[in-house]
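*Asks:* Input: one structure, supplied below.
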Amino acid sequence: MSGVPGRRALRAGTLVALAMAATLVTGCWSRRELDTLGFVMAIGVDRAVEDRKIQLTVHIAKPFAMVARSEAGGTLENKPFWVVSSTGYTVFEAMRNLVSQSPRRPYWSHSRFVLIGEDFAREGIGDILDQFQRDPRMRHRAWIVIAKGARASDLLQVEFELEPMPSEGGMGILLATRAELSTAVADYTLHTFLLDLEGEGVDPVATRAEIVRRPHEFDIRGDLTREVIGASARITGAAVFRDDKLVGWLNKPETRGLNWVTGRVKSTVIVIKKPGDEDNLIGLNVVRARGSFAPHVEGEEISVLVKIEAEAAVEDVQGFVDPLKSPGFWDSMERRMATVIRNEVLAAVEKAKELDADIFGFGAELNRRAPKKWEAIKDRWDQEFRRVRVEVDVRARVTRPGLAIRSVRIME
Amino acid sequence: MHRLETLGEKEAKGVKGGQRVNAVEGGRLSGRQLAAVLILSRVVPITIAFPAITGIEVPQDAWIAALLGTLLAIPFAILVVRLGLRYPDKTIIQYSEVLLGRYLGKLVGLVLILYWIQTAATVLRACGEAYTTAVMPETPLPVFTIIMAFLAANAARHGLELVGRTGEMVAWIVLFFLVLMSVLPYDVMRFRNLAPVLPRGLRPLAEPTGTVLALFLQIVVIGMAIPYLGRQREATRVSVNAVVVSGLLMTWLAADLVAVFGPTVSGLTMATFSLARMVSIANFFERMEAITIGVWTLSLWIKLAFFLWAAAVGLAQLFDVPDYRPLLYPLGAIVIVFGELSFKSIVEREVFYEFRYFGVFSFTVALGTLAILQLAAFIRGRAASRAGR
């Protein structure tokens, strides 16, 4: 039984060894303290001046500037963000090169935007998206935004009122545009872009943004210091890609046309001419919409039937109307609403055909429904797509008049 | 069935002089615990990576491959259990000696033990890779594998009963979060991605189905657990249930992944992990990868412990070592190194999981040994019944 004390000594030894080892693990292996990080809020990609190089521009949050504001309780002393560029032959190299300029290590996980300059987007963006797909730090739900007529580095310089952080401001505008105007494609993200790139019979779209200059026509300086925002940005529709190359743009009505077809209209405003009084207008608030499409094959001809159901409320009417006393007024309003929707859809289809980009995924749907037919024509889908006959079946309903059935009568 | 069982017992006494398994491991396992451990073992290769989906030609049909693989795995599980129940007090290592004689039996047993060690090594390596790829790219791999191997070997040292009990508890957590994770990215799910179904027929599904089945064949390890089951009548039902539950989970996840990732899913290193990254509820409840990693760590720990236990007990019985517990830490060390040497990179691992390597390997080892044992049992059964007549 001499083993017992030996064993006890062994145990004690193990304990001591473990305790000593524990002193080695006082912190995380690759720990990053918050105050050593620079949070990247948006990433912009352009072609650099040097041949084959990529210019990466990021917009990094400056938390201390935000704190200074809340303490001062007034306007910002500093811009709460910093825009800085670096270059490299690949995206990753450019990302790494950034550390030579940034005193804080860039932290990438919070970036919600991938902004791409128009010129670069026309060259093709598949190669740069590969980095965003591989890197676990990147959000796959980041929005891809194409700067129309500008470089991403310029778009990153814009500011918004109400939100000191441009990335937050941009997100607010994008989400609100999706929710209330449906003229944005905020459901299309890096994730869907990659899916559409790899998917057969569908081409990707991305958000289109433009820089808006805000010159001040008169001197606004006074007793109070006012912030002056020199340039802001707007969401003005969608960017259309064929494969990974930017080929054209959808304006706002065309973008909404795309959203009607794919069932992504949430709410929007439609303005129609007032039935029986063409000088005046009526504003309708679309509160509910559904959209779907189904391709049909008849012999050689492929047609697509787009079905849209929309429900709207009357928001404002110019000039007097009493629907109780004007039979047919209500139906007429619904027909005009349906016409507006149909025209938007057809405009989007026309533009897509003109750009040879199947942004709706008609081909993909054909593949799902008639795989054999798709197999036969997929190699010449470019040409087939241009010949696809699109029929639009709109069921528009105006259901609510608001709190007033008839307008206020102006007595003379 | 009953006739065969008593026959098996008689035979066992005749050959090995009635050696008791409990000399090596004294634990008892309930049916539910066995099911939990088996389910967790099957869940590991779908929680982070998904070998049957990686590189698949027709991703939208991956769920069919998963379902077919599961269906094919059910008869295999039944066969393994039936064979085990002929010798209710013996592990597969012991009765292979009974059936095949001392030397051939030991050889078959050794092959199976190496199979379990290989499984443990692959799983352990995958664990380290997932950690480094997903969350801690700068930490060296051995940091994770050593910790994990130590924890698993430690659990296994406390016996099958502990592994089973913990497994039962862990299984609920794992299943809950796995299902939750698979549902939360609901806003990016497009189940129309699953169409067209079978555009090129069943032919391209042969290999993925084979891979699914090959992974299921690891269930041959039931042969080690059967003698320690409390109520052995449940063995068949429990094993089939475990196959069905994990198979359905795999089928659902395969469909779910395609709904979210479409055709790009076949190019993802860790598809299910990427799925958790897609969660975004109200732009706030986001980036749930950590939960997947946690869930996966738990299930992996149980699987590793179970396979290490099986290998250790198997070795002890093979070489008549009275206690299997001293074997566990060395085994853990072997598994760490084996895992380290198995693949140079994740890409090489994915290549290994292709049917022509892993499938053929798993089929040969699991189906091969089972076929030999079945054949021997059949011949001995016939001989015994003839002698008895």
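Identifiers in this document derive from the order of the structure tokens: chains are assigned A, B, ..., residues are numbered from 1 separately in each chain, and ligands are numbered from 1 in order of occurrence.
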What residues in chain A have any atom no more than 12 Å from chain B when counting only C-alpha atoms, and can you write them as a PyMOL selection string?

*Replies:* chain A and resi 25+28-32+109-110+112+130+133-142+168+171-172+175+187-200+361+364-375

*Asks:* Write the residues you've just listed into a file as a compact mmCIF listing (two decimals), in the first residue's frame, and include C-alpha atoms for each of them.

*Replies:*
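Saved to out_22.txt:
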# COMPACT_ATOMS: atom_id res chain seq x y z
CA VAL A 25 -4.68 31.51 -19.96
CA CYS A 28 -8.35 35.24 -24.95
CA TRP A 29 -5.90 34.06 -27.53
CA SER A 30 -6.64 36.62 -30.20
CA ARG A 31 -8.43 39.12 -28.07
CA ARG A 32 -9.32 42.52 -29.44
CA SER A 109 -18.33 42.36 -39.14
CA HIS A 110 -20.55 45.40 -38.83
CA ARG A 112 -23.94 46.51 -43.93
CA ASP A 130 -15.72 36.02 -53.76
CA GLN A 133 -18.50 35.07 -49.67
CA ARG A 134 -15.45 33.42 -48.14
CA ASP A 135 -14.71 35.71 -45.23
CA PRO A 136 -16.70 34.69 -42.15
CA ARG A 137 -16.51 38.27 -40.90
CA MET A 138 -18.66 39.61 -43.72
CA ARG A 139 -22.42 39.76 -43.55
CA HIS A 140 -24.14 37.85 -46.28
CA ARG A 141 -27.11 40.11 -45.90
CA ALA A 142 -25.08 43.18 -46.79
CA GLU A 168 -27.14 54.15 -40.53
CA MET A 171 -29.91 51.92 -44.13
CA GLY A 172 -32.80 53.96 -42.80
CA LEU A 175 -35.50 50.25 -45.54
CA ASP A 187 -34.57 42.33 -50.52
CA TYR A 188 -31.66 41.79 -52.86
CA THR A 189 -28.47 41.36 -50.86
CA LEU A 190 -25.04 39.90 -51.32
CA HIS A 191 -26.69 36.56 -50.58
CA THR A 192 -29.32 36.79 -53.32
CA PHE A 193 -26.76 38.26 -55.70
CA LEU A 194 -24.60 35.17 -55.36
CA LEU A 195 -27.63 32.90 -55.72
CA ASP A 196 -28.71 34.68 -58.88
CA LEU A 197 -25.19 34.56 -60.28
CA GLU A 198 -25.09 30.80 -59.91
CA GLY A 199 -28.77 30.21 -60.67
CA GLU A 200 -29.80 29.34 -64.21
CA GLY A 361 -36.09 34.81 -63.19
CA ALA A 364 -35.48 29.85 -63.61
CA GLU A 365 -39.24 29.44 -63.18
CA LEU A 366 -39.48 27.76 -66.56
CA ASN A 367 -36.78 25.37 -65.40
CA ARG A 368 -38.80 24.57 -62.28
CA ARG A 369 -42.00 23.96 -64.19
CA ALA A 370 -40.78 22.49 -67.46
CA PRO A 371 -37.25 21.21 -66.93
CA LYS A 372 -37.18 19.37 -70.27
CA LYS A 373 -38.13 22.46 -72.23
CA TRP A 374 -35.57 24.48 -70.29
CA GLU A 375 -32.87 21.94 -70.98

*Asks:* DSSP on the backbone, alpha helix (DSSP H) only: what residues of range 171-306 of chain A does that give? Format it as a PyMOL selection string.

*Replies:* chain A and resi 171-176+190-198+252-262

*Asks:* Using only C-alpha atoms, what table do you get, as a Markdown table, when you list each residue of range 146-175 of chain A with an atom no more than 10 Å from range 77-91 of chain A, its nearest pair of atoms, and their distance in Å rounded to one decimal, rows by chain then rising number?

*Replies:*
| residue | atom | partner | partner_atom | distance |
| --- | --- | --- | --- | --- |
| A:Ser153 | CA | A:Ser85 | CA | 7.7 |
| A:Asp154 | CA | A:Val83 | CA | 9.7 |
| A:Leu156 | CA | A:Val83 | CA | 7.0 |
| A:Gln157 | CA | A:Val83 | CA | 7.0 |
| A:Glu159 | CA | A:Lys79 | CA | 9.8 |
| A:Pro164 | CA | A:Pro80 | CA | 6.6 |
| A:Met165 | CA | A:Pro80 | CA | 6.6 |
| A:Pro166 | CA | A:Phe81 | CA | 8.2 |
| A:Ser167 | CA | A:Phe81 | CA | 9.6 |

*Asks:* To one decimal in Å, tell me the separation between CA of Asp203 in chain A and CA of Ala357 in chain A.

*Replies:*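 These atoms are spaced 5.8 Å apart.
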
*Asks:* For Ala130 in chain B, which residue among B:Gly247, B:Gly267, B:Gly55, B:Gly294 is the nearest when counting only C-alpha atoms?

*Replies:* B:Gly294

*Asks:* To one decimal in Å, tell me the separation between CA of Val347 in chain B and CA of Trp116 in chain B.

*Replies:* 22.5 Å

*Asks:* Measure the distance from CA of Leu248 in chain B to CA of Phe352 in chain B in Å and round it to one decimal.

*Replies:*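 We find that CA of Leu248 in chain B and CA of Phe352 in chain B lie 24.6 Å from each other.
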
*Asks:* Select from range 56-156 of chain A everything DSSP, run on the backbone, classes as strand (DSSP E), then give the selection as a list in words.

*Replies:*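 Those in range 56-156 of chain A that DSSP calls strand (DSSP E) are Leu56, Thr57, Val58, His59, Ile60, Ala61, Phe81, Trp82, Val83, Val84, Ser85, Ser86, Thr87, Gly88, Arg105, Pro106, Tyr107, Phe113, Val114, Leu115, Ile116, Gly117, Trp143, Ile144, Val145, Ile146 and Ala147 of chain A.
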
*Asks:* Which residues come within 9 Å of Leu257 in chain B, counting only C-alpha atoms, excluding same-chain residues fewer than 5 positions away, as a list of chain:residue names?

*Replies:*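 In the requested form, the answer reads B:Ser182, B:Met189, B:Trp252, B:Gly262, B:Val265, B:Ala271, B:Thr272, B:Leu275.
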
*Asks:* Using only C-alpha atoms, which residue out of B:Gly332, B:Gly167, B:Gly31, B:Gly128 lies closest to Ser345 in chain B?

*Replies:*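 That would be B:Gly128, the residue with the smallest distance to Ser345 in chain B.
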
*Asks:* What's around range 102-104 of chain B at 12 Å? Count only C-alpha atoms, leave out sequence neighbours fewer than 5 positions away in its own chain, and write the answer as JSON, numbers by chain.

*Replies:* {"B": [15, 16, 93, 94, 95, 96, 97, 109, 110, 111, 318, 319, 369, 372, 373, 376]}

*Asks:* Rank nothing, just name the residue among A:Gly363, A:Gly201, A:Gly248, A:Gly117 nearest to Ala150 in chain A, using only C-alpha atoms.

*Replies:*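 Closest candidate: A:Gly117.
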